[in-house]
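Trainee: Got a structure for you, questions after.
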Amino acid sequence: MSKKYKPRKLPFAYDTSSLFLPWIMMLMVFLATLSLAGALAVQNMTAKWSSSMTGTLTVQVLPPKEFAGADMTERAKSATMVEVNKAADFLKDVDGVKQVKIVPLADLQELLKPWLGEAIMDEGFPLPRLIDVTVDDGDNVDLNKLKEELVKVAPNASLDVHRVWLAKLMNLLTPFYLSALGIFG
C-alpha cells in the first residue's frame with residue numbers, strides 16, 4: 001500500500017522546531033490579552049480619577065504663626081477656626097464655586113491616624129484645617145486671582161489645585177497605556 005501525499009499548510013511540518021509553534025502562538029495571544037486588559041485598566045483608572053478630581057479644590061488653613069510649635073490650645077484652635085470661617089465665607093461668594101465644605105477635625109484626624117499614629121493625635125498635634133471646594137466644570141474660575149484674594153482674606157490659607165498634579169499623573173500613565181497598546185499591536 002502506498003501512502004498518498006497530503007499537501008501540508010506549513011512547509012516545515014516535519015521540522016522538529018515547529019512543535020513549539022502552537023505554544024509560542026498561545027503565549028503571544030495570552031500576552032496580547034494581558035496587555036489589552038492592562039491598557040483598558042489604565043484608561044479606566046485615569047478616567048475615574050479625572051472625573052472625580054476635575055472641579056475640586058482644597059484650601060488648607062494652617063494655625064497662625066504665633067502658635068507655631070506650641071500645643072494646640074483652645075486659643076490656637078479658635079484663631080485657626082476664625083480664619084477657616086473667613087476663608088469659607090469668602091469662597092461661598094466667588095462666582096463659579098458650587099459648594100464649600102469645612103472638613104471636620106475628627107474626619108481629618110481619622111485620615112491621618114494611619115500615618116501619624118494615635119498618640120500624636122491625643123497630644124494636640126497642630127493640624128491644618130481643610131476646606132473642600134467644588135467649582136463648575138468649566139474654566140470660568142481664575143485660580144491665580146482666587147489664590148491672591150484668598151491670602152488677603154485668610155493669610156495662613158493656601159489653595160491646592162488638583163488639576164496640576166492630576167495632569168502630571170496623566171502624563172506619567174500615558175506611556176504605560178501606549179506601551180500596552182503597542183504590545184497588543
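Letters for chains follow the order of the C-alpha cells (A, B, ...), residue numbers begin at 1 for each chain, and ligand numbers begin at 1 in the order shown.
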Write out as a PyMOL selection string all residues of region 77-184 of chain A that backbone DSSP assigns to helix (DSSP H, G or I).
Mentor: chain A and resi 77-92+105-116+118-122+143-153+162-184
Trainee: What's around region 144-148 of chain A at 10 Å? Count only C-alpha atoms, leave out sequence neighbours fewer than 5 positions away in its own chain, and write the answer as a PyMOL selection string.
Mentor: chain A and resi 59+90-91+94+153+155+157-161
Trainee: Might you pull out every residue within 7 Å of region 38-46 of chain A, with only C-alpha atoms counted and same-chain residues fewer than 3 positions away left off, and present them as a list in words?
Mentor: Leu34, Ser35, Trp49, Ser50, Met170, Tyr177, Ala180 and Leu181 of chain A
Trainee: Given the selection you just returned, output its residues as a file containing N, CA, C and O atoms, formatted as a PDB file, in the first residue's frame.
Mentor:
```
ATOM      1  N   LEU A  34      -3.322  40.094  27.924  1.00  0.00           N
ATOM      2  CA  LEU A  34      -2.913  40.783  29.146  1.00  0.00           C
ATOM      3  C   LEU A  34      -2.615  42.258  28.894  1.00  0.00           C
ATOM      4  O   LEU A  34      -2.979  43.123  29.695  1.00  0.00           O
ATOM      5  N   SER A  35      -1.944  42.545  27.811  1.00  0.00           N
ATOM      6  CA  SER A  35      -1.611  43.950  27.522  1.00  0.00           C
ATOM      7  C   SER A  35      -2.867  44.754  27.211  1.00  0.00           C
ATOM      8  O   SER A  35      -2.972  45.908  27.628  1.00  0.00           O
ATOM      9  N   TRP A  49     -10.215  58.853  37.898  1.00  0.00           N
ATOM     10  CA  TRP A  49      -9.503  59.893  38.633  1.00  0.00           C
ATOM     11  C   TRP A  49      -9.809  61.263  38.068  1.00  0.00           C
ATOM     12  O   TRP A  49     -10.025  62.213  38.802  1.00  0.00           O
ATOM     13  N   SER A  50      -9.818  61.357  36.762  1.00  0.00           N
ATOM     14  CA  SER A  50     -10.052  62.642  36.124  1.00  0.00           C
ATOM     15  C   SER A  50     -11.456  63.167  36.435  1.00  0.00           C
ATOM     16  O   SER A  50     -11.626  64.342  36.745  1.00  0.00           O
ATOM     17  N   MET A 170      -1.486  62.003  34.782  1.00  0.00           N
ATOM     18  CA  MET A 170      -1.916  61.544  33.453  1.00  0.00           C
ATOM     19  C   MET A 170      -0.719  61.448  32.508  1.00  0.00           C
ATOM     20  O   MET A 170      -0.626  60.505  31.717  1.00  0.00           O
ATOM     21  N   TYR A 177       0.066  53.278  29.036  1.00  0.00           N
ATOM     22  CA  TYR A 177      -1.080  52.978  28.178  1.00  0.00           C
ATOM     23  C   TYR A 177      -0.624  52.731  26.744  1.00  0.00           C
ATOM     24  O   TYR A 177      -1.033  51.751  26.109  1.00  0.00           O
ATOM     25  N   ALA A 180       1.324  49.436  26.407  1.00  0.00           N
ATOM     26  CA  ALA A 180       0.420  48.272  26.441  1.00  0.00           C
ATOM     27  C   ALA A 180      -0.301  48.106  25.115  1.00  0.00           C
ATOM     28  O   ALA A 180      -0.458  46.989  24.606  1.00  0.00           O
ATOM     29  N   LEU A 181      -0.713  49.222  24.511  1.00  0.00           N
ATOM     30  CA  LEU A 181      -1.343  49.133  23.191  1.00  0.00           C
ATOM     31  C   LEU A 181      -0.337  48.675  22.137  1.00  0.00           C
ATOM     32  O   LEU A 181      -0.673  47.913  21.224  1.00  0.00           O
TER      33      LEU A 181
END
```
Trainee: Give me the residues within 12 Å of Gln60 (chain A) as a list of chain:residue names, counting only C-alpha atoms and dropping any in the same chain fewer than 4 places off.
Mentor: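 Listing them by chain and then by number gives A:Thr80, A:Met81, A:Glu83, A:Val84, A:Ala87, A:Ala88, A:Ile102, A:Val103, A:Leu108, A:Leu127, A:Pro128, A:Arg129, A:Leu130, A:Ile131, A:Asp132, A:Val133, A:Lys147, A:Leu150, A:Val151, A:Ala154, A:Pro155, A:Asn156, A:Ala157, A:Ser158, A:Leu159, A:Asp160, A:Val161.
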Trainee: What is the distance between CA of Thr58 (chain A) and CA of Pro175 (chain A), in Å to one decimal?
Mentor: 28.7 Å
Trainee: Would you work out the distance separating CA of Gly117 (chain A) from CA of His162 (chain A), expressed in Å to one decimal?
Mentor: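 Atom-to-atom, CA of Gly117 (chain A) to CA of His162 (chain A), that is 26.4 Å.
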Trainee: Can you measure CA of Thr174 (chain A) to CA of Asp136 (chain A) for me? One decimal in Å is fine.
Mentor: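 These atoms are spaced 26.3 Å apart.
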Trainee: Set the distance at 12 Å and use only C-alpha atoms: which residues neighbour Gly185 (chain A) once local chain neighbours fewer than 2 positions away are removed? I'd like the list as a PyMOL selection string.
Mentor: chain A and resi 28-29+31-33+35-36+39+178-183
Trainee: With only C-alpha atoms as the basis for distance, which of A:Val135, A:Pro114, A:Val61, A:Lys4 is at the shortest distance from Asp93 (chain A)?
Mentor: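 The answer is A:Val135, which sits nearest to Asp93 (chain A).
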Trainee: Restricting the calculation to only C-alpha atoms: of A:Lys152, A:Asn85, A:Phe30, A:Leu57, which residue gets closest to Leu166 (chain A)?
Mentor: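 Ranked by minimum distance to Leu166 (chain A), first place goes to A:Leu57.
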Trainee: Running DSSP on the backbone, which parts of region 26-183 of chain A land in strand (DSSP E or B), as a list in words?
Mentor: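 Here are the strand (DSSP E or B) residues of region 26-183 of chain A: Thr56, Leu57, Thr58, Val59, Gln60, Val61, Val97, Lys98, Gln99, Val100, Lys101, Ile102, Arg129, Leu130, Ile131, Asp132, Val133, Thr134, Val135, Ala157, Ser158, Leu159, Asp160 and Val161 of chain A.
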Trainee: Restrict the selected residues to N, CA and C atoms and save them as a compact mmCIF listing (two decimals), in the first residue's frame.
Mentor:
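Everything below was put into out_3.txt:
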```txt
# COMPACT_ATOMS: atom_id res chain seq x y z
N THR A 56 -12.58 70.17 41.60
CA THR A 56 -12.41 70.23 43.05
C THR A 56 -11.13 70.95 43.41
N LEU A 57 -11.19 71.66 44.50
CA LEU A 57 -10.03 72.36 45.05
C LEU A 57 -10.00 72.08 46.55
N THR A 58 -8.85 72.21 47.15
CA THR A 58 -8.73 72.08 48.59
C THR A 58 -8.02 73.32 49.13
N VAL A 59 -8.59 73.87 50.16
CA VAL A 59 -7.96 75.00 50.84
C VAL A 59 -7.45 74.48 52.17
N GLN A 60 -6.18 74.74 52.43
CA GLN A 60 -5.54 74.34 53.68
C GLN A 60 -5.28 75.60 54.50
N VAL A 61 -5.75 75.60 55.73
CA VAL A 61 -5.53 76.74 56.61
C VAL A 61 -4.65 76.27 57.76
N VAL A 97 -18.12 78.86 42.13
CA VAL A 97 -17.99 77.91 43.23
C VAL A 97 -19.37 77.36 43.55
N LYS A 98 -19.48 76.03 43.45
CA LYS A 98 -20.77 75.38 43.71
C LYS A 98 -20.96 75.04 45.17
N GLN A 99 -19.92 74.52 45.82
CA GLN A 99 -20.06 74.04 47.18
C GLN A 99 -18.78 74.28 47.97
N VAL A 100 -18.94 74.64 49.23
CA VAL A 100 -17.83 74.83 50.15
C VAL A 100 -18.15 74.03 51.41
N LYS A 101 -17.22 73.14 51.78
CA LYS A 101 -17.45 72.29 52.95
C LYS A 101 -16.20 72.28 53.82
N ILE A 102 -16.35 72.66 55.06
CA ILE A 102 -15.24 72.59 56.01
C ILE A 102 -15.14 71.15 56.50
N ARG A 129 -6.37 72.92 59.00
CA ARG A 129 -7.78 72.63 58.74
C ARG A 129 -8.00 72.69 57.23
N LEU A 130 -8.90 71.88 56.74
CA LEU A 130 -9.14 71.77 55.30
C LEU A 130 -10.55 72.21 54.95
N ILE A 131 -10.65 72.77 53.75
CA ILE A 131 -11.94 73.14 53.18
C ILE A 131 -12.01 72.52 51.80
N ASP A 132 -13.05 71.72 51.56
CA ASP A 132 -13.29 71.15 50.23
C ASP A 132 -14.12 72.13 49.43
N VAL A 133 -13.67 72.42 48.22
CA VAL A 133 -14.36 73.37 47.36
C VAL A 133 -14.68 72.68 46.04
N THR A 134 -15.94 72.77 45.63
CA THR A 134 -16.36 72.23 44.35
C THR A 134 -16.68 73.42 43.44
N VAL A 135 -16.05 73.42 42.25
CA VAL A 135 -16.26 74.50 41.30
C VAL A 135 -16.95 73.96 40.06
N ALA A 157 -3.93 80.68 54.67
CA ALA A 157 -4.61 79.73 53.79
C ALA A 157 -3.82 79.55 52.51
N SER A 158 -3.86 78.33 51.99
CA SER A 158 -3.25 78.06 50.69
C SER A 158 -4.22 77.21 49.87
N LEU A 159 -4.22 77.45 48.58
CA LEU A 159 -5.14 76.77 47.67
C LEU A 159 -4.39 75.67 46.94
N ASP A 160 -4.93 74.46 47.01
CA ASP A 160 -4.34 73.32 46.31
C ASP A 160 -5.24 72.98 45.13
N VAL A 161 -4.69 73.12 43.94
CA VAL A 161 -5.44 72.84 42.72
C VAL A 161 -5.11 71.43 42.27
```
